[in-house]
file work-v4.tsv (TSV, C-alpha atoms and all ligand atoms)
chain	number	residue	atom	x	y	z
A	1	MET	CA	53.27	-96.34	-49.14
A	2	LYS	CA	55.34	-93.27	-49.73
A	3	LYS	CA	58.18	-95.43	-50.99
A	4	MET	CA	55.81	-97.19	-53.35
A	5	LYS	CA	54.66	-93.88	-54.80
A	6	LYS	CA	58.23	-92.79	-55.32
A	7	LEU	CA	59.06	-96.05	-57.02
A	8	MET	CA	56.08	-95.69	-59.31
A	9	ALA	CA	57.11	-92.17	-60.15
A	10	ILE	CA	60.56	-93.42	-61.07
A	11	VAL	CA	59.14	-96.24	-63.20
A	12	GLY	CA	56.83	-93.74	-64.87
A	13	ALA	CA	59.67	-91.36	-65.59
A	14	MET	CA	61.73	-94.19	-67.01
A	15	ALA	CA	58.90	-95.28	-69.28
A	16	LEU	CA	58.56	-91.71	-70.50
A	17	MET	CA	62.28	-91.47	-71.11
A	18	LEU	CA	62.24	-94.72	-73.02
A	19	ALA	CA	59.41	-93.44	-75.18
A	20	LEU	CA	61.29	-90.21	-75.86
A	21	CYS	CA	64.63	-91.88	-76.48
A	22	ALA	CA	63.29	-94.66	-78.68
A	23	CYS	CA	65.21	-94.29	-81.89
A	24	GLY	CA	63.00	-92.48	-84.33
A	25	GLY	CA	59.53	-91.46	-83.43
A	26	LYS	CA	55.98	-90.99	-84.53
A	27	ALA	CA	55.02	-87.77	-86.26
A	28	ALA	CA	51.67	-86.05	-85.97
A	29	SER	CA	50.67	-87.90	-89.13
A	30	GLY	CA	51.26	-91.21	-87.34
A	31	VAL	CA	54.30	-92.28	-89.33
A	32	THR	CA	57.48	-93.48	-87.68
A	33	THR	CA	60.65	-91.93	-89.02
A	34	VAL	CA	64.35	-92.45	-88.40
A	35	GLU	CA	64.61	-89.21	-86.46
A	36	LYS	CA	61.64	-87.77	-84.62
A	37	GLY	CA	60.07	-84.82	-86.41
A	38	LYS	CA	62.27	-85.25	-89.45
A	39	LEU	CA	62.06	-86.92	-92.83
A	40	HIS	CA	65.47	-88.13	-93.98
A	41	VAL	CA	65.63	-88.49	-97.75
A	42	SER	CA	68.78	-90.02	-99.20
A	43	THR	CA	69.78	-89.05	-102.72
A	44	ASN	CA	72.64	-88.67	-105.16
A	45	ALA	CA	72.50	-84.98	-106.06
A	46	GLU	CA	74.08	-85.19	-109.49
A	47	PHE	CA	71.11	-86.27	-111.53
A	48	PRO	CA	69.64	-83.16	-113.15
A	49	PRO	CA	66.82	-82.14	-113.28
A	50	TYR	CA	65.74	-84.54	-110.50
A	51	GLU	CA	68.41	-83.73	-107.93
A	52	MET	CA	71.38	-81.43	-108.05
A	53	VAL	CA	73.28	-78.96	-105.90
A	54	ALA	CA	72.52	-75.30	-106.63
A	55	ASP	CA	75.26	-72.65	-106.77
A	56	ASP	CA	74.49	-71.64	-103.19
A	57	GLY	CA	74.95	-75.24	-102.00
A	58	SER	CA	71.25	-75.97	-101.51
A	59	PHE	CA	69.55	-78.97	-103.10
A	60	GLU	CA	67.21	-78.47	-106.01
A	61	GLY	CA	65.39	-80.51	-108.61
A	62	ILE	CA	62.08	-82.30	-109.06
A	63	ASP	CA	62.72	-85.02	-106.46
A	64	MET	CA	64.00	-82.49	-103.94
A	65	GLU	CA	60.96	-80.21	-104.24
A	66	VAL	CA	58.55	-83.13	-104.19
A	67	ALA	CA	60.35	-84.45	-101.10
A	68	ALA	CA	59.87	-81.06	-99.45
A	69	ALA	CA	56.18	-81.03	-100.34
A	70	ILE	CA	55.70	-84.55	-98.96
A	71	ALA	CA	57.56	-83.67	-95.75
A	72	LYS	CA	55.33	-80.64	-95.30
A	73	LYS	CA	52.20	-82.73	-95.73
A	74	LEU	CA	53.48	-85.21	-93.13
A	75	GLY	CA	54.35	-82.39	-90.73
A	76	LEU	CA	58.04	-83.32	-90.82
A	77	GLU	CA	61.20	-81.34	-91.38
A	78	LEU	CA	63.00	-82.45	-94.54
A	79	VAL	CA	66.63	-83.51	-94.25
A	80	ILE	CA	68.48	-84.36	-97.48
A	81	ASP	CA	71.30	-86.88	-97.11
A	82	ASP	CA	73.49	-86.64	-100.22
A	83	MET	CA	75.70	-89.63	-101.09
A	84	GLY	CA	76.56	-92.03	-103.92
A	85	PHE	CA	73.64	-93.62	-105.77
A	86	ASP	CA	74.29	-97.12	-104.40
A	87	ALA	CA	74.66	-95.74	-100.88
A	88	ALA	CA	71.41	-93.77	-101.22
A	89	LEU	CA	69.54	-96.96	-102.08
A	90	LEU	CA	71.18	-98.86	-99.22
A	91	ALA	CA	70.44	-96.11	-96.71
A	92	ALA	CA	66.71	-96.42	-97.35
A	93	GLN	CA	66.87	-100.20	-97.52
A	94	ASN	CA	68.63	-100.43	-94.15
A	95	GLY	CA	66.55	-97.74	-92.49
A	96	GLN	CA	69.31	-95.14	-92.14
A	97	SER	CA	67.14	-92.79	-94.18
A	98	ASP	CA	63.36	-92.81	-94.37
A	99	MET	CA	63.32	-92.93	-98.14
A	100	VAL	CA	65.41	-92.62	-101.25
A	101	MET	CA	64.47	-90.19	-104.01
A	102	ALA	CA	67.06	-90.34	-106.76
A	103	GLY	CA	65.24	-91.03	-109.98
A	104	VAL	CA	65.12	-94.60	-108.72
A	105	THR	CA	63.84	-97.17	-111.19
A	106	VAL	CA	61.53	-99.84	-109.82
A	107	ASN	CA	62.75	-103.30	-110.76
A	108	GLU	CA	62.29	-106.80	-109.42
A	109	GLU	CA	65.68	-107.01	-107.72
A	110	ARG	CA	65.09	-103.82	-105.79
A	111	GLN	CA	61.53	-104.81	-104.92
A	112	LYS	CA	62.97	-107.81	-103.11
A	113	VAL	CA	64.85	-105.57	-100.70
A	114	MET	CA	62.71	-102.45	-100.40
A	115	ASP	CA	59.18	-101.17	-100.76
A	116	PHE	CA	58.27	-98.65	-103.44
A	117	SER	CA	55.70	-95.89	-103.54
A	118	ASP	CA	53.36	-95.56	-106.49
A	119	SER	CA	55.38	-94.52	-109.52
A	120	TYR	CA	55.61	-90.77	-110.14
A	121	ALA	CA	57.53	-90.58	-113.44
A	122	THR	CA	58.59	-92.51	-116.49
A	123	GLY	CA	62.34	-92.83	-116.92
A	124	VAL	CA	63.71	-93.44	-120.37
A	125	GLN	CA	67.30	-94.55	-120.81
A	126	VAL	CA	69.09	-93.25	-123.85
A	127	VAL	CA	72.53	-93.56	-125.41
A	128	ILE	CA	74.92	-90.60	-125.59
A	129	VAL	CA	77.62	-90.70	-128.27
A	130	LYS	CA	80.03	-88.26	-129.86
A	131	GLU	CA	78.61	-86.37	-132.81
A	132	GLY	CA	79.44	-88.19	-136.05
A	133	SER	CA	80.18	-91.43	-134.22
A	134	GLU	CA	79.60	-94.80	-135.93
A	135	VAL	CA	77.89	-96.15	-132.83
A	136	ASN	CA	74.23	-97.01	-133.22
A	137	MET	CA	71.59	-98.92	-131.25
A	138	ASP	CA	72.49	-102.17	-133.05
A	139	ASN	CA	76.27	-102.20	-132.67
A	140	LEU	CA	76.44	-101.22	-128.98
A	141	GLY	CA	77.52	-104.79	-128.23
A	142	ASP	CA	80.80	-104.14	-130.07
A	143	CYS	CA	81.49	-100.97	-128.08
A	144	THR	CA	82.75	-99.97	-124.68
A	145	ILE	CA	79.90	-98.42	-122.77
A	146	GLY	CA	80.12	-96.08	-119.81
A	147	THR	CA	77.43	-96.12	-117.12
A	148	GLN	CA	76.99	-95.08	-113.52
A	149	LEU	CA	77.67	-97.94	-111.09
A	150	GLY	CA	74.62	-99.46	-109.45
A	151	THR	CA	72.13	-97.95	-111.89
A	152	THR	CA	69.77	-100.00	-114.01
A	153	GLY	CA	71.78	-98.83	-117.05
A	154	TYR	CA	74.84	-100.53	-115.58
A	155	ILE	CA	72.93	-103.62	-114.43
A	156	TYR	CA	71.21	-104.27	-117.77
A	157	ALA	CA	74.14	-103.37	-120.05
A	158	SER	CA	76.63	-105.51	-118.10
A	159	ASP	CA	74.26	-108.49	-118.06
A	160	SER	CA	75.12	-111.45	-120.28
A	161	VAL	CA	74.30	-111.40	-123.98
A	162	GLU	CA	71.77	-114.22	-123.44
A	163	ASN	CA	69.96	-111.95	-120.99
A	164	GLY	CA	69.90	-109.03	-123.41
A	165	GLY	CA	73.03	-107.26	-122.14
A	166	TYR	CA	76.45	-106.75	-123.71
A	167	GLY	CA	78.55	-108.58	-121.13
A	168	GLU	CA	80.67	-107.10	-118.34
A	169	ASP	CA	83.72	-106.68	-120.59
A	170	HIS	CA	81.85	-104.09	-122.62
A	171	VAL	CA	80.74	-101.95	-119.71
A	172	VAL	CA	82.65	-99.58	-117.45
A	173	GLY	CA	80.95	-98.40	-114.26
A	174	TYR	CA	81.74	-94.92	-112.96
A	175	ASP	CA	80.88	-93.36	-109.62
A	176	SER	CA	78.66	-90.78	-111.27
A	177	GLY	CA	76.96	-90.10	-114.57
A	178	ALA	CA	79.15	-87.01	-114.92
A	179	LEU	CA	82.31	-89.14	-114.77
A	180	ALA	CA	80.90	-91.54	-117.39
A	181	VAL	CA	80.21	-88.60	-119.70
A	182	MET	CA	83.71	-87.25	-119.06
A	183	ALA	CA	85.10	-90.64	-120.14
A	184	LEU	CA	83.12	-90.36	-123.37
A	185	VAL	CA	84.43	-86.86	-124.02
A	186	ASN	CA	87.98	-88.14	-123.40
A	187	GLY	CA	87.48	-91.14	-125.70
A	188	GLN	CA	87.76	-93.81	-122.99
A	189	VAL	CA	84.30	-95.17	-123.83
A	190	ASP	CA	82.29	-95.12	-127.07
A	191	ALA	CA	78.89	-94.44	-125.57
A	192	VAL	CA	77.12	-93.69	-122.29
A	193	ILE	CA	73.81	-95.24	-121.28
A	194	ILE	CA	71.95	-93.01	-118.89
A	195	ASP	CA	68.48	-91.69	-118.11
A	196	ASP	CA	67.11	-89.29	-120.69
A	197	LYS	CA	66.72	-86.13	-118.62
A	198	PRO	CA	70.26	-86.08	-117.23
A	199	ALA	CA	71.45	-87.08	-120.71
A	200	GLN	CA	69.91	-83.92	-122.13
A	201	ALA	CA	71.65	-81.85	-119.47
A	202	TYR	CA	75.02	-83.49	-120.17
A	203	VAL	CA	74.66	-83.08	-123.96
A	204	LYS	CA	73.81	-79.43	-123.45
A	205	ALA	CA	76.81	-78.90	-121.17
A	206	ASN	CA	79.36	-80.69	-123.38
A	207	ALA	CA	79.92	-79.62	-126.99
A	208	GLY	CA	80.22	-82.44	-129.51
A	209	LEU	CA	77.85	-84.90	-127.81
A	210	THR	CA	74.48	-86.11	-128.99
A	211	THR	CA	71.95	-88.80	-128.09
A	212	LEU	CA	71.03	-91.65	-130.43
A	213	GLU	CA	67.51	-91.72	-131.80
A	214	GLY	CA	65.35	-94.18	-129.86
A	215	GLU	CA	64.78	-95.47	-126.34
A	216	TRP	CA	67.21	-97.99	-124.85
A	217	ALA	CA	64.91	-98.78	-121.91
A	218	VAL	CA	61.66	-97.42	-120.50
A	219	GLU	CA	61.18	-97.57	-116.73
A	220	ASP	CA	59.16	-96.25	-113.80
A	221	TYR	CA	60.59	-94.02	-111.09
A	222	ALA	CA	59.32	-94.39	-107.53
A	223	ILE	CA	60.32	-93.61	-103.95
A	224	GLY	CA	62.14	-96.45	-102.18
A	225	MET	CA	61.58	-97.21	-98.49
A	226	LYS	CA	62.63	-99.79	-95.96
A	227	LYS	CA	60.50	-102.92	-96.21
A	228	GLY	CA	57.59	-103.10	-93.82
A	229	ASN	CA	57.07	-99.45	-92.85
A	230	THR	CA	53.50	-99.59	-94.15
A	231	ALA	CA	52.38	-96.44	-92.33
A	232	LEU	CA	55.06	-94.38	-94.05
A	233	LEU	CA	54.42	-95.99	-97.43
A	234	GLU	CA	50.71	-95.26	-97.21
A	235	ALA	CA	51.28	-91.70	-95.97
A	236	VAL	CA	53.71	-91.02	-98.82
A	237	ASN	CA	51.32	-92.43	-101.42
A	238	LYS	CA	48.50	-90.35	-99.98
A	239	ALA	CA	50.62	-87.17	-99.94
A	240	MET	CA	51.75	-87.82	-103.51
A	241	ALA	CA	48.17	-88.38	-104.71
A	242	GLU	CA	47.15	-85.07	-103.14
A	243	LEU	CA	50.10	-83.24	-104.71
A	244	LYS	CA	49.10	-84.67	-108.08
A	245	ALA	CA	45.42	-83.83	-107.62
A	246	ASP	CA	46.01	-80.20	-106.64
A	247	GLY	CA	48.55	-79.51	-109.41
A	248	THR	CA	51.57	-79.04	-107.12
A	249	PHE	CA	53.40	-82.02	-108.59
A	250	GLN	CA	52.93	-80.91	-112.20
A	251	ALA	CA	53.99	-77.36	-111.34
A	252	ILE	CA	57.27	-78.71	-109.92
A	253	VAL	CA	57.86	-80.86	-113.02
A	254	ASP	CA	57.09	-77.94	-115.34
A	255	LYS	CA	59.51	-75.73	-113.46
A	256	TYR	CA	62.40	-78.07	-114.30
A	257	ILE	CA	61.29	-79.66	-117.57
A	258	LYS	CA	60.24	-77.19	-120.17
A	259	ALA	CA	57.42	-78.60	-122.25
A	260	ASP	CA	58.89	-79.40	-125.65
B	301	LIG	N1	67.05	-94.67	-112.98
B	301	LIG	C1	68.33	-95.24	-112.80
B	301	LIG	C2	68.32	-96.26	-111.70
B	301	LIG	O1	67.47	-96.27	-110.87
B	301	LIG	C3	69.41	-94.20	-112.54
B	301	LIG	C4	69.18	-93.38	-111.31
B	301	LIG	C5	70.34	-92.45	-110.96
B	301	LIG	O2	71.43	-92.52	-111.53
B	301	LIG	N2	70.13	-91.55	-110.04
B	301	LIG	O3	69.16	-97.09	-111.63

call {"tool": "encode", "arguments": {"input": "work-v4.tsv", "output": "structure tokens"}}
result
Amino acid sequence: MKKMKKLMAIVGAMALMLALCACGGKAASGVTTVEKGKLHVSTNAEFPPYEMVADDGSFEGIDMEVAAAIAKKLGLELVIDDMGFDAALLAAQNGQSDMVMAGVTVNEERQKVMDFSDSYATGVQVVIVKEGSEVNMDNLGDCTIGTQLGTTGYIYASDSVENGGYGEDHVVGYDSGALAVMALVNGQVDAVIIDDKPAQAYVKANAGLTTLEGEWAVEDYAIGMKKGNTALLEAVNKAMAELKADGTFQAIVDKYIKAD
């Protein structure tokens, strides 16, 4: 009898250990995350004003502050995992991070491999050129265009002409938007296709650049998550709806995007 009790105690302890050691864990809000008590958000922190690294090394930007507000609502500690844009998408897709917030455009291809929250912003892609350049919206197909690898700008521009793109030969993919803009400044490409808000920041930071009149593409930004984590998806949508309803979301946007 005594032996039996001891055995049961051991089994009980093992079950407890298993529960504690299970990779990830449930938070008070009932969501399962990659690491217990934490919300890992992967990003590519060179996409102002959505995500960037501040002078003191901390992360700032709309996505970063919204991520912090969501984490708080879920009772989780926010951890930002900064990496390349492609890697940030993959991390969420493969469940190495809980979600990706990187000004991510929702498109069909991505919807096949990850789940998306409700959209929280409109992303407009624009074309940056050198001031006085001959490049316009209609002759882009004759130009060499710089983009950031893995972005929708790269995907759509490098698509075949039949599909509305300019063909791979006309597009150069760089590891970051900043490098694409540098290539434009140095004359290695004739134009850069990139999301409007970072475009404004790059034009402001580099003399002699301007954006073409007009919108090259209009898209929706959303938070990407691993397929099937419905509890997290629902909790994030609920948190986001609350942040919108109580004005927190707009206050964060206004802080980074001055009303024009
Ligand atoms: N919105 C674009 C995309 O999702 C670019 C995002 C980015 O460069 N961070 O592809």

call {"tool": "closest_atom_pairs", "arguments": {"input": "work-v4.tsv", "of": "chain A", "to": "ligand LIG 301 (chain B)", "cutoff": "6 Å", "atoms": "all atoms listed in the file", "output": "JSON lines"}}
result
{"residue": "A:Phe47", "atom": "CA", "partner": "B:LIG301", "partner_atom": "N2", "distance": 5.6}
{"residue": "A:Phe85", "atom": "CA", "partner": "B:LIG301", "partner_atom": "N2", "distance": 5.9}
{"residue": "A:Ala102", "atom": "CA", "partner": "B:LIG301", "partner_atom": "N2", "distance": 4.7}
{"residue": "A:Gly103", "atom": "CA", "partner": "B:LIG301", "partner_atom": "C4", "distance": 4.8}
{"residue": "A:Val104", "atom": "CA", "partner": "B:LIG301", "partner_atom": "O1", "distance": 3.6}
{"residue": "A:Thr105", "atom": "CA", "partner": "B:LIG301", "partner_atom": "O1", "distance": 3.8}
{"residue": "A:Thr151", "atom": "CA", "partner": "B:LIG301", "partner_atom": "O3", "distance": 3.1}
{"residue": "A:Thr152", "atom": "CA", "partner": "B:LIG301", "partner_atom": "O3", "distance": 3.8}

call {"tool": "residues_around", "arguments": {"input": "work-v4.tsv", "residues": "A:Met182", "least_positions_apart": "5", "cutoff": "12 Å", "atoms": "all atoms listed in the file", "output": "PyMOL selection string"}}
result
chain A and resi 128-130+146-148+174-177+187-192+202-203+205-207+209

call {"tool": "closest_residue", "arguments": {"input": "work-v4.tsv", "among": "A:Val126, A:Glu168, A:Gln111, A:Asp159", "to": "A:Thr144", "atoms": "all atoms listed in the file"}}
result
A:Glu168

call {"tool": "closest_residue", "arguments": {"input": "work-v4.tsv", "among": "A:Gly208, A:Ile80, A:Asp56, A:Val172", "to": "A:Ala68", "atoms": "only C-alpha atoms"}}
result
A:Ile80

call {"tool": "residues_around", "arguments": {"input": "work-v4.tsv", "residues": "A:Gln125", "least_positions_apart": "5", "cutoff": "9 Å", "atoms": "all atoms listed in the file", "output": "PyMOL selection string"}}
result
chain A and resi 153+193-197+199+215-219

call {"tool": "atom_distance", "arguments": {"input": "work-v4.tsv", "atom1": "atom CA of A:Pro198", "atom2": "atom CA of A:Asp246"}}
result
27.1 Å

call {"tool": "atom_distance", "arguments": {"input": "work-v4.tsv", "atom1": "atom CA of A:Arg110", "atom2": "atom CA of A:His40"}}
result
19.6 Å

call {"tool": "residues_around", "arguments": {"input": "work-v4.tsv", "residues": "A:Ile257", "least_positions_apart": "3", "cutoff": "12 Å", "atoms": "only C-alpha atoms", "output": "mmCIF file with C-alpha atoms, in the frame of the given file"}}
result
data_model
loop_
_atom_site.group_PDB
_atom_site.id
_atom_site.type_symbol
_atom_site.label_atom_id
_atom_site.label_comp_id
_atom_site.auth_asym_id
_atom_site.auth_seq_id
_atom_site.Cartn_x
_atom_site.Cartn_y
_atom_site.Cartn_z
ATOM 1 C CA PRO A 48 69.640 -83.160 -113.150
ATOM 2 C CA PRO A 49 66.820 -82.140 -113.280
ATOM 3 C CA TYR A 50 65.740 -84.540 -110.500
ATOM 4 C CA GLY A 61 65.390 -80.510 -108.610
ATOM 5 C CA ILE A 62 62.080 -82.300 -109.060
ATOM 6 C CA ASP A 196 67.110 -89.290 -120.690
ATOM 7 C CA LYS A 197 66.720 -86.130 -118.620
ATOM 8 C CA PRO A 198 70.260 -86.080 -117.230
ATOM 9 C CA GLN A 200 69.910 -83.920 -122.130
ATOM 10 C CA ALA A 201 71.650 -81.850 -119.470
ATOM 11 C CA GLN A 250 52.930 -80.910 -112.200
ATOM 12 C CA ALA A 251 53.990 -77.360 -111.340
ATOM 13 C CA ILE A 252 57.270 -78.710 -109.920
ATOM 14 C CA VAL A 253 57.860 -80.860 -113.020
ATOM 15 C CA ASP A 254 57.090 -77.940 -115.340
ATOM 16 C CA ASP A 260 58.890 -79.400 -125.650
#

call {"tool": "residues_near_point", "arguments": {"input": "work-v4.tsv", "point": "(60.4, -92.6, -94.0)", "cutoff": "8 Å", "atoms": "only C-alpha atoms", "output": "list of chain:residue names"}}
result
A:Val31, A:Thr32, A:Thr33, A:Val34, A:Leu39, A:His40, A:Val41, A:Ser97, A:Asp98, A:Met99, A:Met225, A:Lys226, A:Asn229, A:Leu232, A:Leu233

call {"tool": "atom_distance", "arguments": {"input": "work-v4.tsv", "atom1": "atom CA of A:Val185", "atom2": "atom CA of A:Glu46"}}
result
17.9 Å

call {"tool": "closest_residue", "arguments": {"input": "work-v4.tsv", "among": "A:Gly132, A:Gly84, A:Gly37, A:Gly57", "to": "A:Thr210", "atoms": "only C-alpha atoms"}}
result
A:Gly132

call {"tool": "axis_aligned_box", "arguments": {"input": "work-v4.tsv", "around": "stretch 43-51 of chain A", "padding_each_side": "8 Å", "output": "AutoDock Vina command-line options"}}
result
--center_x 69.9 --center_y -85.6 --center_z -108.0 --size_x 24.3 --size_y 22.9 --size_z 26.6

call {"tool": "residues_around", "arguments": {"input": "work-v4.tsv", "residues": "A:Asn94", "least_positions_apart": "2", "cutoff": "9 Å", "atoms": "only C-alpha atoms", "output": "PyMOL selection string"}}
result
chain A and resi 89-92+96-97+114+225-227

call {"tool": "closest_residue", "arguments": {"input": "work-v4.tsv", "among": "A:Leu212, A:Lys255, A:Phe249, A:Leu179", "to": "A:Glu134", "atoms": "only C-alpha atoms"}}
result
A:Leu212

call {"tool": "build_atoms", "arguments": {"input": "work-v4.tsv", "residues": "stretch 187-210 of chain A", "atoms": "N, CA, C and O atoms", "output": "tab-separated table (two decimals), keeping the file's coordinate frame"}}
result
chain	number	residue	atom	x	y	z
A	187	GLY	N	87.27	-90.00	-124.81
A	187	GLY	CA	87.48	-91.14	-125.70
A	187	GLY	C	87.77	-92.45	-125.00
A	187	GLY	O	88.22	-93.41	-125.63
A	188	GLN	N	87.53	-92.54	-123.71
A	188	GLN	CA	87.76	-93.81	-122.99
A	188	GLN	C	86.61	-94.80	-123.18
A	188	GLN	O	86.79	-96.00	-123.02
A	189	VAL	N	85.43	-94.30	-123.48
A	189	VAL	CA	84.30	-95.17	-123.83
A	189	VAL	C	83.67	-94.64	-125.12
A	189	VAL	O	83.90	-93.48	-125.50
A	190	ASP	N	82.89	-95.50	-125.79
A	190	ASP	CA	82.29	-95.12	-127.07
A	190	ASP	C	80.88	-94.56	-126.91
A	190	ASP	O	80.37	-93.89	-127.81
A	191	ALA	N	80.27	-94.87	-125.78
A	191	ALA	CA	78.89	-94.44	-125.57
A	191	ALA	C	78.60	-94.43	-124.07
A	191	ALA	O	79.31	-95.08	-123.30
A	192	VAL	N	77.57	-93.69	-123.69
A	192	VAL	CA	77.12	-93.69	-122.29
A	192	VAL	C	75.63	-93.99	-122.27
A	192	VAL	O	74.87	-93.39	-123.03
A	193	ILE	N	75.24	-94.95	-121.46
A	193	ILE	CA	73.81	-95.24	-121.28
A	193	ILE	C	73.37	-94.61	-119.98
A	193	ILE	O	73.94	-94.89	-118.92
A	194	ILE	N	72.40	-93.74	-120.07
A	194	ILE	CA	71.95	-93.01	-118.89
A	194	ILE	C	70.53	-92.52	-119.11
A	194	ILE	O	70.05	-92.45	-120.25
A	195	ASP	N	69.86	-92.16	-118.02
A	195	ASP	CA	68.48	-91.69	-118.11
A	195	ASP	C	68.41	-90.41	-118.97
A	195	ASP	O	69.30	-89.57	-118.92
A	196	ASP	N	67.32	-90.33	-119.69
A	196	ASP	CA	67.11	-89.29	-120.69
A	196	ASP	C	67.29	-87.85	-120.21
A	196	ASP	O	67.97	-87.05	-120.84
A	197	LYS	N	66.69	-87.53	-119.06
A	197	LYS	CA	66.72	-86.13	-118.62
A	197	LYS	C	68.13	-85.68	-118.26
A	197	LYS	O	68.58	-84.64	-118.72
A	198	PRO	N	68.87	-86.46	-117.44
A	198	PRO	CA	70.26	-86.08	-117.23
A	198	PRO	C	71.07	-86.10	-118.52
A	198	PRO	O	71.94	-85.25	-118.73
A	199	ALA	N	70.74	-87.02	-119.42
A	199	ALA	CA	71.45	-87.08	-120.71
A	199	ALA	C	71.33	-85.75	-121.43
A	199	ALA	O	72.32	-85.21	-121.94
A	200	GLN	N	70.12	-85.21	-121.45
A	200	GLN	CA	69.91	-83.92	-122.13
A	200	GLN	C	70.77	-82.83	-121.49
A	200	GLN	O	71.36	-81.99	-122.19
A	201	ALA	N	70.84	-82.86	-120.17
A	201	ALA	CA	71.65	-81.85	-119.47
A	201	ALA	C	73.13	-82.01	-119.81
A	201	ALA	O	73.83	-81.02	-120.04
A	202	TYR	N	73.61	-83.25	-119.87
A	202	TYR	CA	75.02	-83.49	-120.17
A	202	TYR	C	75.35	-83.11	-121.62
A	202	TYR	O	76.40	-82.56	-121.90
A	203	VAL	N	74.43	-83.42	-122.54
A	203	VAL	CA	74.66	-83.08	-123.96
A	203	VAL	C	74.71	-81.56	-124.11
A	203	VAL	O	75.54	-81.03	-124.85
A	204	LYS	N	73.85	-80.90	-123.38
A	204	LYS	CA	73.81	-79.43	-123.45
A	204	LYS	C	75.11	-78.82	-122.89
A	204	LYS	O	75.63	-77.83	-123.41
A	205	ALA	N	75.63	-79.46	-121.86
A	205	ALA	CA	76.81	-78.90	-121.17
A	205	ALA	C	78.14	-79.25	-121.86
A	205	ALA	O	79.16	-78.64	-121.57
A	206	ASN	N	78.11	-80.26	-122.74
A	206	ASN	CA	79.36	-80.69	-123.38
A	206	ASN	C	79.24	-80.63	-124.90
A	206	ASN	O	78.48	-81.42	-125.49
A	207	ALA	N	79.97	-79.74	-125.54
A	207	ALA	CA	79.92	-79.62	-126.99
A	207	ALA	C	80.38	-80.92	-127.63
A	207	ALA	O	81.24	-81.62	-127.09
A	208	GLY	N	79.77	-81.27	-128.77
A	208	GLY	CA	80.22	-82.44	-129.51
A	208	GLY	C	79.56	-83.74	-129.10
A	208	GLY	O	79.93	-84.81	-129.60
A	209	LEU	N	78.57	-83.68	-128.21
A	209	LEU	CA	77.85	-84.90	-127.81
A	209	LEU	C	76.42	-84.85	-128.34
A	209	LEU	O	75.85	-83.78	-128.52
A	210	THR	N	75.86	-86.03	-128.55
A	210	THR	CA	74.48	-86.11	-128.99
A	210	THR	C	73.88	-87.42	-128.47
A	210	THR	O	74.63	-88.30	-128.04
